[in-house]
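Novice: Have a peek at entry_24.cif (mmCIF, C-alpha atoms and all ligand atoms).
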```
data_protein
#
loop_
_atom_site.group_PDB
_atom_site.id
_atom_site.type_symbol
_atom_site.label_atom_id
_atom_site.label_comp_id
_atom_site.auth_asym_id
_atom_site.auth_seq_id
_atom_site.Cartn_x
_atom_site.Cartn_y
_atom_site.Cartn_z
ATOM 1 C CA MET U 1 -43.559 1.054 32.931
ATOM 2 C CA PHE U 2 -40.119 0.679 31.319
ATOM 3 C CA ASN U 3 -39.078 3.882 29.571
ATOM 4 C CA LEU U 4 -35.573 3.808 28.100
ATOM 5 C CA ASN U 5 -35.211 7.602 28.013
ATOM 6 C CA LYS U 6 -36.024 7.844 31.700
ATOM 7 C CA VAL U 7 -33.611 5.020 32.480
ATOM 8 C CA ILE U 8 -30.792 6.766 30.566
ATOM 9 C CA LYS U 9 -31.486 10.020 32.440
ATOM 10 C CA ALA U 10 -31.566 8.207 35.800
ATOM 11 C CA ARG U 11 -28.263 6.497 34.975
ATOM 12 C CA LYS U 12 -26.580 9.837 34.242
ATOM 13 C CA ARG U 13 -27.754 11.208 37.584
ATOM 14 C CA LEU U 14 -26.623 8.059 39.379
ATOM 15 C CA LYS U 15 -23.163 8.426 37.816
ATOM 16 C CA LEU U 16 -22.930 12.013 39.025
ATOM 17 C CA VAL U 17 -23.977 11.072 42.570
ATOM 18 C CA THR U 18 -21.536 8.147 42.495
ATOM 19 C CA ASN U 19 -18.627 10.410 41.502
ATOM 20 C CA ILE U 20 -19.478 12.793 44.349
ATOM 21 C CA LEU U 21 -19.731 9.884 46.800
ATOM 22 C CA PHE U 22 -16.331 8.548 45.769
ATOM 23 C CA LYS U 23 -14.753 11.993 46.254
ATOM 24 C CA LEU U 24 -16.351 12.176 49.728
ATOM 25 C CA PHE U 25 -14.964 8.748 50.643
ATOM 26 C CA GLN U 26 -11.472 9.853 49.653
ATOM 27 C CA ILE U 27 -11.736 13.117 51.590
ATOM 28 C CA ASN U 28 -12.982 11.310 54.708
ATOM 29 C CA LEU U 29 -10.257 8.693 54.539
ATOM 30 C CA LYS U 30 -7.597 11.252 53.564
ATOM 31 C CA TYR U 31 -6.531 9.034 50.708
ATOM 32 C CA ARG U 32 -6.397 9.941 47.014
ATOM 33 C CA GLU U 33 -7.070 6.969 44.732
ATOM 34 C CA LYS U 34 -4.603 6.817 41.861
ATOM 35 C CA ARG U 35 -5.005 3.203 40.754
ATOM 36 C CA LYS U 36 -6.865 3.045 37.460
ATOM 37 C CA ASP U 37 -8.629 -0.242 38.254
ATOM 38 C CA TYR U 38 -10.242 1.031 41.466
ATOM 39 C CA GLY U 39 -13.318 3.234 41.766
ATOM 40 C CA LEU U 40 -16.939 3.309 42.759
ATOM 41 C CA GLU U 41 -19.801 2.072 40.616
ATOM 42 C CA ILE U 42 -23.407 1.670 41.670
ATOM 43 C CA ASN U 43 -24.853 -0.934 39.378
ATOM 44 C CA GLU U 44 -28.524 -1.454 38.766
ATOM 45 C CA TYR U 45 -28.546 -4.815 40.462
ATOM 46 C CA PHE U 46 -30.857 -3.883 43.269
ATOM 47 C CA TYR U 47 -31.862 -7.377 44.425
ATOM 48 C CA LEU U 48 -31.099 -7.594 48.171
ATOM 49 C CA PRO U 49 -32.408 -11.015 49.255
ATOM 50 C CA TRP U 50 -30.925 -10.785 52.768
ATOM 51 C CA ARG U 51 -33.564 -8.190 53.654
ATOM 52 C CA VAL U 52 -36.379 -10.726 53.499
ATOM 53 C CA ASP U 53 -34.735 -14.019 54.473
ATOM 54 C CA LYS U 54 -36.274 -14.755 57.887
ATOM 55 C CA GLU U 55 -33.864 -17.464 59.020
ATOM 56 C CA PHE U 56 -30.829 -15.450 57.946
ATOM 57 C CA ASN U 57 -32.037 -12.408 59.861
ATOM 58 C CA GLU U 58 -32.694 -14.434 63.006
ATOM 59 C CA ILE U 59 -29.163 -15.835 62.884
ATOM 60 C CA TYR U 60 -27.709 -12.454 61.940
ATOM 61 C CA SER U 61 -29.207 -10.834 65.030
ATOM 62 C CA LYS U 62 -27.336 -13.359 67.198
ATOM 63 C CA ILE U 63 -23.887 -12.982 65.655
ATOM 64 C CA SER U 64 -23.731 -9.493 64.128
ATOM 65 C CA GLN U 65 -21.690 -7.960 66.943
ATOM 66 C CA TYR U 66 -19.035 -10.653 66.503
ATOM 67 C CA THR U 67 -18.222 -9.926 62.858
ATOM 68 C CA LEU U 68 -16.880 -7.042 60.805
ATOM 69 C CA ASN U 69 -18.412 -8.349 57.594
ATOM 70 C CA PRO U 70 -21.327 -6.476 55.981
ATOM 71 C CA THR U 71 -24.729 -8.143 55.633
ATOM 72 C CA SER U 72 -24.327 -8.732 51.893
ATOM 73 C CA ARG U 73 -21.173 -10.803 52.363
ATOM 74 C CA LEU U 74 -22.556 -12.657 55.370
ATOM 75 C CA TYR U 75 -25.537 -13.607 53.266
ATOM 76 C CA THR U 76 -23.258 -15.089 50.571
ATOM 77 C CA ILE U 77 -21.544 -17.214 53.243
ATOM 78 C CA TYR U 78 -24.879 -18.263 54.777
ATOM 79 C CA ASP U 79 -26.452 -19.084 51.430
ATOM 80 C CA LEU U 80 -23.503 -21.042 49.999
ATOM 81 C CA SER U 81 -22.927 -22.935 53.264
ATOM 82 C CA LYS U 82 -26.417 -24.410 53.075
ATOM 83 C CA LYS U 83 -25.543 -26.218 49.865
ATOM 84 C CA HIS U 84 -21.780 -26.696 49.999
ATOM 85 C CA LEU U 85 -21.039 -27.546 53.626
ATOM 86 C CA LEU U 86 -21.431 -31.320 53.453
ATOM 87 C CA PRO U 87 -22.639 -33.522 56.341
ATOM 88 C CA ASN U 88 -19.786 -34.922 58.450
ATOM 89 C CA SER U 89 -17.244 -32.536 56.978
ATOM 90 C CA THR U 90 -15.346 -29.487 58.264
ATOM 91 C CA PHE U 91 -15.954 -25.772 58.028
ATOM 92 C CA ILE U 92 -12.825 -23.766 58.742
ATOM 93 C CA GLU U 93 -12.380 -20.027 59.009
ATOM 94 C CA ILE U 94 -8.912 -18.474 58.900
ATOM 95 C CA GLY U 95 -9.077 -14.971 60.342
ATOM 96 C CA CYS U 96 -12.157 -15.463 62.479
ATOM 97 C CA TRP U 97 -11.655 -12.267 64.578
ATOM 98 C CA LYS U 98 -14.501 -12.557 67.172
ATOM 99 C CA GLY U 99 -16.013 -15.631 65.516
ATOM 100 C CA GLY U 100 -19.262 -14.273 64.039
ATOM 101 C CA VAL U 101 -18.889 -16.001 60.671
ATOM 102 C CA THR U 102 -18.146 -19.381 62.239
ATOM 103 C CA GLY U 103 -21.263 -18.886 64.374
ATOM 104 C CA LEU U 104 -23.322 -17.976 61.327
ATOM 105 C CA VAL U 105 -22.313 -21.156 59.485
ATOM 106 C CA ALA U 106 -22.834 -23.321 62.600
ATOM 107 C CA LEU U 107 -26.316 -21.918 63.227
ATOM 108 C CA ALA U 108 -27.318 -22.307 59.580
ATOM 109 C CA ASN U 109 -26.206 -25.950 59.366
ATOM 110 C CA LYS U 110 -27.192 -27.396 62.723
ATOM 111 C CA ASP U 111 -28.105 -30.878 61.569
ATOM 112 C CA LYS U 112 -24.947 -31.681 59.573
ATOM 113 C CA PHE U 113 -22.638 -32.982 62.337
ATOM 114 C CA ALA U 114 -19.918 -30.762 60.909
ATOM 115 C CA ASP U 115 -16.717 -29.704 62.668
ATOM 116 C CA TYR U 116 -16.221 -25.968 63.086
ATOM 117 C CA ILE U 117 -12.651 -24.704 63.244
ATOM 118 C CA ALA U 118 -12.000 -21.028 63.993
ATOM 119 C CA CYS U 119 -8.441 -19.716 63.575
ATOM 120 C CA ASP U 120 -6.878 -16.380 64.400
ATOM 121 C CA THR U 121 -3.673 -14.906 65.728
ATOM 122 C CA PHE U 122 -5.823 -12.887 68.172
ATOM 123 C CA THR U 123 -3.046 -10.304 67.930
ATOM 124 C CA GLY U 124 -4.095 -8.908 64.556
ATOM 125 C CA VAL U 125 -2.869 -8.971 60.966
ATOM 126 C CA VAL U 126 0.531 -10.531 60.201
ATOM 127 C CA LYS U 127 2.785 -11.359 57.239
ATOM 128 C CA THR U 128 2.532 -8.007 55.518
ATOM 129 C CA SER U 129 4.792 -7.570 52.501
ATOM 130 C CA GLU U 130 5.440 -5.247 49.589
ATOM 131 C CA LYS U 131 2.306 -6.724 47.969
ATOM 132 C CA ASP U 132 0.112 -5.049 50.610
ATOM 133 C CA THR U 133 -0.116 -1.309 50.087
ATOM 134 C CA PHE U 134 -1.990 -0.444 53.264
ATOM 135 C CA PHE U 135 -1.610 -3.111 55.942
ATOM 136 C CA LYS U 136 1.492 -2.817 58.083
ATOM 137 C CA GLY U 137 0.727 -5.425 60.792
ATOM 138 C CA ASN U 138 -1.366 -5.734 63.986
ATOM 139 C CA GLU U 139 -4.577 -4.276 62.519
ATOM 140 C CA TYR U 140 -7.715 -5.845 64.095
ATOM 141 C CA ASN U 141 -5.887 -6.850 67.273
ATOM 142 C CA ASP U 142 -8.995 -6.360 69.419
ATOM 143 C CA ALA U 143 -10.436 -9.901 69.375
ATOM 144 C CA CYS U 144 -9.731 -12.674 71.859
ATOM 145 C CA VAL U 145 -10.517 -16.359 72.345
ATOM 146 C CA SER U 146 -13.233 -15.538 74.884
ATOM 147 C CA ASP U 147 -15.205 -13.686 72.151
ATOM 148 C CA VAL U 148 -15.217 -16.859 70.041
ATOM 149 C CA LEU U 149 -16.217 -18.890 73.090
ATOM 150 C CA GLU U 150 -19.243 -16.609 73.498
ATOM 151 C CA VAL U 151 -20.245 -17.338 69.890
ATOM 152 C CA GLU U 152 -19.719 -21.052 70.487
ATOM 153 C CA GLU U 153 -22.218 -20.829 73.338
ATOM 154 C CA ILE U 154 -24.711 -18.865 71.227
ATOM 155 C CA SER U 155 -24.376 -21.465 68.447
ATOM 156 C CA ASN U 156 -24.753 -24.354 70.863
ATOM 157 C CA GLN U 157 -22.155 -26.342 68.903
ATOM 158 C CA GLN U 158 -18.581 -27.206 69.667
ATOM 159 C CA PHE U 159 -15.824 -25.129 68.030
ATOM 160 C CA LYS U 160 -12.160 -26.002 67.718
ATOM 161 C CA ILE U 161 -10.264 -22.759 68.224
ATOM 162 C CA ILE U 162 -6.738 -22.464 66.844
ATOM 163 C CA GLU U 163 -4.758 -19.537 68.230
ATOM 164 C CA GLY U 164 -1.636 -18.321 66.425
ATOM 165 C CA ILE U 165 -0.328 -17.586 62.948
ATOM 166 C CA PHE U 166 -1.899 -19.920 60.424
ATOM 167 C CA PRO U 167 -0.764 -22.358 58.987
ATOM 168 C CA GLU U 168 2.143 -22.706 61.433
ATOM 169 C CA SER U 169 -0.384 -22.733 64.280
ATOM 170 C CA VAL U 170 -2.334 -25.760 63.089
ATOM 171 C CA ASP U 171 -1.975 -29.205 64.537
ATOM 172 C CA LYS U 172 -2.904 -31.639 61.738
ATOM 173 C CA SER U 173 -4.659 -33.953 64.140
ATOM 174 C CA LEU U 174 -7.389 -31.331 64.646
ATOM 175 C CA ILE U 175 -8.664 -31.723 61.071
ATOM 176 C CA THR U 176 -10.348 -35.106 61.246
ATOM 177 C CA LYS U 177 -13.087 -34.597 58.642
ATOM 178 C CA PRO U 178 -12.514 -33.363 55.065
ATOM 179 C CA ILE U 179 -12.960 -29.653 54.490
ATOM 180 C CA SER U 180 -15.932 -28.906 52.242
ATOM 181 C CA PHE U 181 -16.418 -25.211 53.012
ATOM 182 C CA ALA U 182 -13.956 -22.548 54.130
ATOM 183 C CA HIS U 183 -13.662 -18.815 54.677
ATOM 184 C CA ILE U 184 -10.302 -17.057 54.435
ATOM 185 C CA ASP U 185 -10.359 -13.500 55.784
ATOM 186 C CA VAL U 186 -6.791 -12.507 56.604
ATOM 187 C CA ASP U 187 -6.246 -9.242 54.660
ATOM 188 C CA THR U 188 -2.711 -9.783 53.331
ATOM 189 C CA TYR U 189 -1.203 -11.503 50.289
ATOM 190 C CA GLN U 190 1.071 -13.910 52.120
ATOM 191 C CA SER U 191 -1.443 -14.956 54.774
ATOM 192 C CA ALA U 192 -4.108 -15.505 52.114
ATOM 193 C CA LYS U 193 -1.760 -17.543 49.921
ATOM 194 C CA GLU U 194 -0.315 -19.701 52.692
ATOM 195 C CA SER U 195 -3.753 -20.295 54.248
ATOM 196 C CA PHE U 196 -5.230 -21.325 50.922
ATOM 197 C CA GLU U 197 -2.344 -23.615 49.942
ATOM 198 C CA TYR U 198 -2.541 -25.351 53.312
ATOM 199 C CA LEU U 199 -6.310 -25.873 53.112
ATOM 200 C CA ASN U 200 -6.036 -27.085 49.524
ATOM 201 C CA LYS U 201 -4.410 -30.293 50.808
ATOM 202 C CA TYR U 202 -7.654 -31.105 52.652
ATOM 203 C CA LEU U 203 -10.238 -29.840 50.157
ATOM 204 C CA VAL U 204 -12.450 -32.469 48.565
ATOM 205 C CA LYS U 205 -13.743 -32.210 44.998
ATOM 206 C CA GLY U 206 -16.600 -29.729 44.965
ATOM 207 C CA SER U 207 -15.337 -27.834 48.038
ATOM 208 C CA VAL U 208 -15.987 -24.131 48.175
ATOM 209 C CA VAL U 209 -13.592 -21.565 49.603
ATOM 210 C CA ILE U 210 -14.637 -17.956 49.985
ATOM 211 C CA LEU U 211 -11.683 -15.582 49.843
ATOM 212 C CA ASP U 212 -12.748 -12.406 51.585
ATOM 213 C CA ASP U 213 -11.068 -9.050 50.900
ATOM 214 C CA TYR U 214 -10.971 -9.709 47.151
ATOM 215 C CA GLY U 215 -11.240 -6.303 45.484
ATOM 216 C CA GLY U 216 -11.354 -4.441 48.815
ATOM 217 C CA TRP U 217 -10.060 -0.906 48.723
ATOM 218 C CA PHE U 218 -7.363 -1.567 51.322
ATOM 219 C CA THR U 219 -6.717 -5.256 50.749
ATOM 220 C CA ASP U 220 -4.956 -5.287 47.395
ATOM 221 C CA GLY U 221 -2.626 -8.077 48.581
ATOM 222 C CA ALA U 222 -5.565 -10.494 48.885
ATOM 223 C CA THR U 223 -6.781 -9.362 45.461
ATOM 224 C CA LYS U 224 -3.375 -10.095 43.944
ATOM 225 C CA PHE U 225 -3.450 -13.613 45.360
ATOM 226 C CA GLY U 226 -7.032 -14.136 44.120
ATOM 227 C CA ASN U 227 -5.973 -13.138 40.615
ATOM 228 C CA GLU U 228 -3.217 -15.773 40.702
ATOM 229 C CA LEU U 229 -5.867 -18.425 41.440
ATOM 230 C CA LYS U 230 -7.902 -17.481 38.392
ATOM 231 C CA ILE U 231 -5.431 -19.131 36.026
ATOM 232 C CA ARG U 232 -5.205 -22.443 37.897
ATOM 233 C CA ASN U 233 -7.069 -25.236 36.156
ATOM 234 C CA GLU U 234 -8.080 -27.150 39.270
ATOM 235 C CA PHE U 235 -10.394 -24.347 40.398
ATOM 236 C CA PHE U 236 -13.425 -22.530 39.048
ATOM 237 C CA VAL U 237 -13.028 -19.004 40.361
ATOM 238 C CA ALA U 238 -15.489 -16.089 40.226
ATOM 239 C CA PRO U 239 -15.619 -12.730 41.982
ATOM 240 C CA ASN U 240 -19.041 -11.675 43.219
ATOM 241 C CA HIS U 241 -17.996 -8.000 43.325
ATOM 242 C CA LEU U 242 -19.138 -7.736 46.931
ATOM 243 C CA GLY U 243 -15.567 -8.238 48.156
ATOM 244 C CA GLN U 244 -15.465 -12.026 47.893
ATOM 245 C CA LEU U 245 -13.779 -14.418 45.472
ATOM 246 C CA LEU U 246 -15.715 -17.672 45.208
ATOM 247 C CA ILE U 247 -13.440 -20.659 44.604
ATOM 248 C CA TYR U 248 -14.796 -24.063 43.666
ATOM 249 C CA LYS U 249 -12.462 -27.078 43.569
ATOM 250 C CA ILE U 250 -13.143 -29.015 40.381
HETATM 251 C C1 LIG S 301 -10.671 -8.526 58.974
HETATM 252 S S1 LIG S 301 -10.313 -9.547 60.293
HETATM 253 C C2 LIG S 301 -11.386 -10.908 60.069
HETATM 254 C C3 LIG S 301 -12.834 -10.581 60.194
HETATM 255 C C4 LIG S 301 -13.731 -11.746 60.516
HETATM 256 N N1 LIG S 301 -13.656 -12.822 59.562
HETATM 257 C C5 LIG S 301 -15.148 -11.285 60.670
HETATM 258 O O1 LIG S 301 -16.056 -11.898 60.116
HETATM 259 O O2 LIG S 301 -15.348 -10.276 61.353
HETATM 260 C C6 LIG S 301 -8.791 -10.280 59.836
HETATM 261 C C7 LIG S 301 -8.299 -11.254 60.889
HETATM 262 O O3 LIG S 301 -7.315 -12.094 60.329
HETATM 263 C C8 LIG S 301 -6.406 -12.453 61.340
HETATM 264 N N2 LIG S 301 -5.200 -12.969 60.665
HETATM 265 C C9 LIG S 301 -4.480 -12.373 59.691
HETATM 266 N N3 LIG S 301 -3.502 -13.184 59.250
HETATM 267 C C10 LIG S 301 -3.605 -14.331 59.957
HETATM 268 C C11 LIG S 301 -2.874 -15.575 59.972
HETATM 269 N N4 LIG S 301 -1.837 -15.813 59.132
HETATM 270 N N5 LIG S 301 -3.263 -16.529 60.844
HETATM 271 C C12 LIG S 301 -4.304 -16.338 61.694
HETATM 272 N N6 LIG S 301 -5.032 -15.195 61.713
HETATM 273 C C13 LIG S 301 -4.680 -14.203 60.863
HETATM 274 C C14 LIG S 301 -6.241 -11.160 62.135
HETATM 275 O O4 LIG S 301 -5.794 -11.391 63.442
HETATM 276 C C15 LIG S 301 -7.665 -10.590 62.100
HETATM 277 O O5 LIG S 301 -8.401 -10.926 63.245
#
```
Kindly return the structure encoded in the file as structure tokens.
Specialist:
Amino acid sequence: MFNLNKVIKARKRLKLVTNILFKLFQINLKYREKRKDYGLEINEYFYLPWRVDKEFNEIYSKISQYTLNPTSRLYTIYDLSKKHLLPNSTFIEIGCWKGGVTGLVALANKDKFADYIACDTFTGVVKTSEKDTFFKGNEYNDACVSDVLEVEEISNQQFKIIEGIFPESVDKSLITKPISFAHIDVDTYQSAKESFEYLNKYLVKGSVVILDDYGGWFTDGATKFGNELKIRNEFFVAPNHLGQLLIYKI
């Protein structure tokens, strides 16, 4: 079955196809990549468990139109929430857009009596700075509170919705249970940093925060913040190379 010569040949062909694909991406997006640490690689890690997970797919079909996240990343959130969202604790999402991820976590953890907090400006991306090469402000300004309310109904669980620029928007009294699981998906350096530092005050030992946008082609600000976290001793931090940085509070 396993033939090293064939594998080496297949790898060479894959590399060629990958290079062509990356050129096509750049042509389509009218953007020429110059950064040396960015590129496209197709690795031989072909395990795609989300294709066969029945419960995940049932939940996915209910919330997919309320999220921009690809199936692979949603599966990471679903899978980690099962273990790390503790009973009687809080799940919070900063940058919820239409609320699909909050719905996914709520539907996957029905029996935990958790609080679900969904935060967004609902006017798009904010706090852009020189650390963000591509985002200029107001991107993704097409979501509104009523979208999240639709997901709340689908999930059949109560959500607390915080509208405005996080963390300035948050009223402390809304967080009544410790945060054990969080998703930060805000696209820019400053929003990612300020959101994380605020949540850190509420994180219990063993909490997991998923920082979305880490390594994304257009979200280098979030990547820069993620790299700053790597050297902090109070966290175990690992990228999954799907666009998420997994942060575990030690
Ligand atoms: C890429 S979208 C989020 C996608 C969403 N998590 C999903 O699953 O589809 C980024 C969102 O972050 C929000 N956002 C960015 N900075 C924010 C901040 N400081 N406070 C609240 N929301 C913010 C934007 O309004 C936008 O809706």
Novice: Please determine the residues with any atom at most 7 Å from (-3.8, -15.2, 64.3) (coordinates as given in the file, with all atoms listed in the file counting) and report them as a VMD selection string.
Specialist: chain U and resid 95 119 to 124 163 to 166
Novice: For C-alpha atoms, I'd like the residues from the last selection saved as a PDB file, keeping the file's coordinate frame.
Specialist:
```
ATOM      1  CA  GLY U  95      -9.077 -14.971  60.342  1.00  0.00           C
ATOM      2  CA  CYS U 119      -8.441 -19.716  63.575  1.00  0.00           C
ATOM      3  CA  ASP U 120      -6.878 -16.380  64.400  1.00  0.00           C
ATOM      4  CA  THR U 121      -3.673 -14.906  65.728  1.00  0.00           C
ATOM      5  CA  PHE U 122      -5.823 -12.887  68.172  1.00  0.00           C
ATOM      6  CA  THR U 123      -3.046 -10.304  67.930  1.00  0.00           C
ATOM      7  CA  GLY U 124      -4.095  -8.908  64.556  1.00  0.00           C
ATOM      8  CA  GLU U 163      -4.758 -19.537  68.230  1.00  0.00           C
ATOM      9  CA  GLY U 164      -1.636 -18.321  66.425  1.00  0.00           C
ATOM     10  CA  ILE U 165      -0.328 -17.586  62.948  1.00  0.00           C
ATOM     11  CA  PHE U 166      -1.899 -19.920  60.424  1.00  0.00           C
TER      12      PHE U 166
END
```
Novice: What is the atom CA of U:Gln157-atom CA of U:Ala106 distance in Å, reported with one decimal?
Specialist: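 Here the two named atoms are 7.0 Å from each other.
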Novice: Contacts of U:Gly103 at 9 Å or less, counting only C-alpha atoms, minus same-chain residues fewer than 2 places along, as a PyMOL selection string?
Specialist: chain U and resi 59+62-63+66+99-101+105-108+116+148+151-152+154-155+157
Novice: Select the residues contacting ligand LIG 301 (chain S) at a distance of at most 9 Å, based on only C-alpha atoms and all ligand atoms, then format the selection as a ChimeraX atom specification.
Specialist: /U:64-70,74,93-102,119-128,137-144,162-169,183-188,190-192,194-195,212-213
Novice: Mind dumping a table of every stretch 53-103 of chain U residue within 10 Å of stretch 175-181 of chain U, with the nearest atom pair and its distance in Å to one decimal, using all atoms listed in the file, sorted by chain and rising number, as a Markdown table?
Specialist:
```
| residue | atom | partner | partner_atom | distance |
| --- | --- | --- | --- | --- |
| U:Ile77 | CA | U:Phe181 | CA | 9.5 |
| U:Leu80 | CA | U:Phe181 | CA | 8.8 |
| U:Ser81 | CA | U:Phe181 | CA | 6.9 |
| U:Lys83 | CA | U:Phe181 | CA | 9.7 |
| U:His84 | CA | U:Phe181 | CA | 6.3 |
| U:Leu85 | CA | U:Phe181 | CA | 5.2 |
| U:Leu86 | CA | U:Ser180 | CA | 6.1 |
| U:Pro87 | CA | U:Ser180 | CA | 9.1 |
| U:Asn88 | CA | U:Lys177 | CA | 6.7 |
| U:Ser89 | CA | U:Lys177 | CA | 4.9 |
| U:Thr90 | CA | U:Ile179 | CA | 4.5 |
| U:Phe91 | CA | U:Phe181 | CA | 5.1 |
| U:Ile92 | CA | U:Phe181 | CA | 6.9 |
| U:Glu93 | CA | U:Phe181 | CA | 8.9 |
```
Novice: In terms of the shortest atom-to-atom distance over all atoms listed in the file, which of U:Ala10, U:Ala238, U:Leu245, U:Leu21 is closest to U:Ala222?
Specialist: U:Leu245
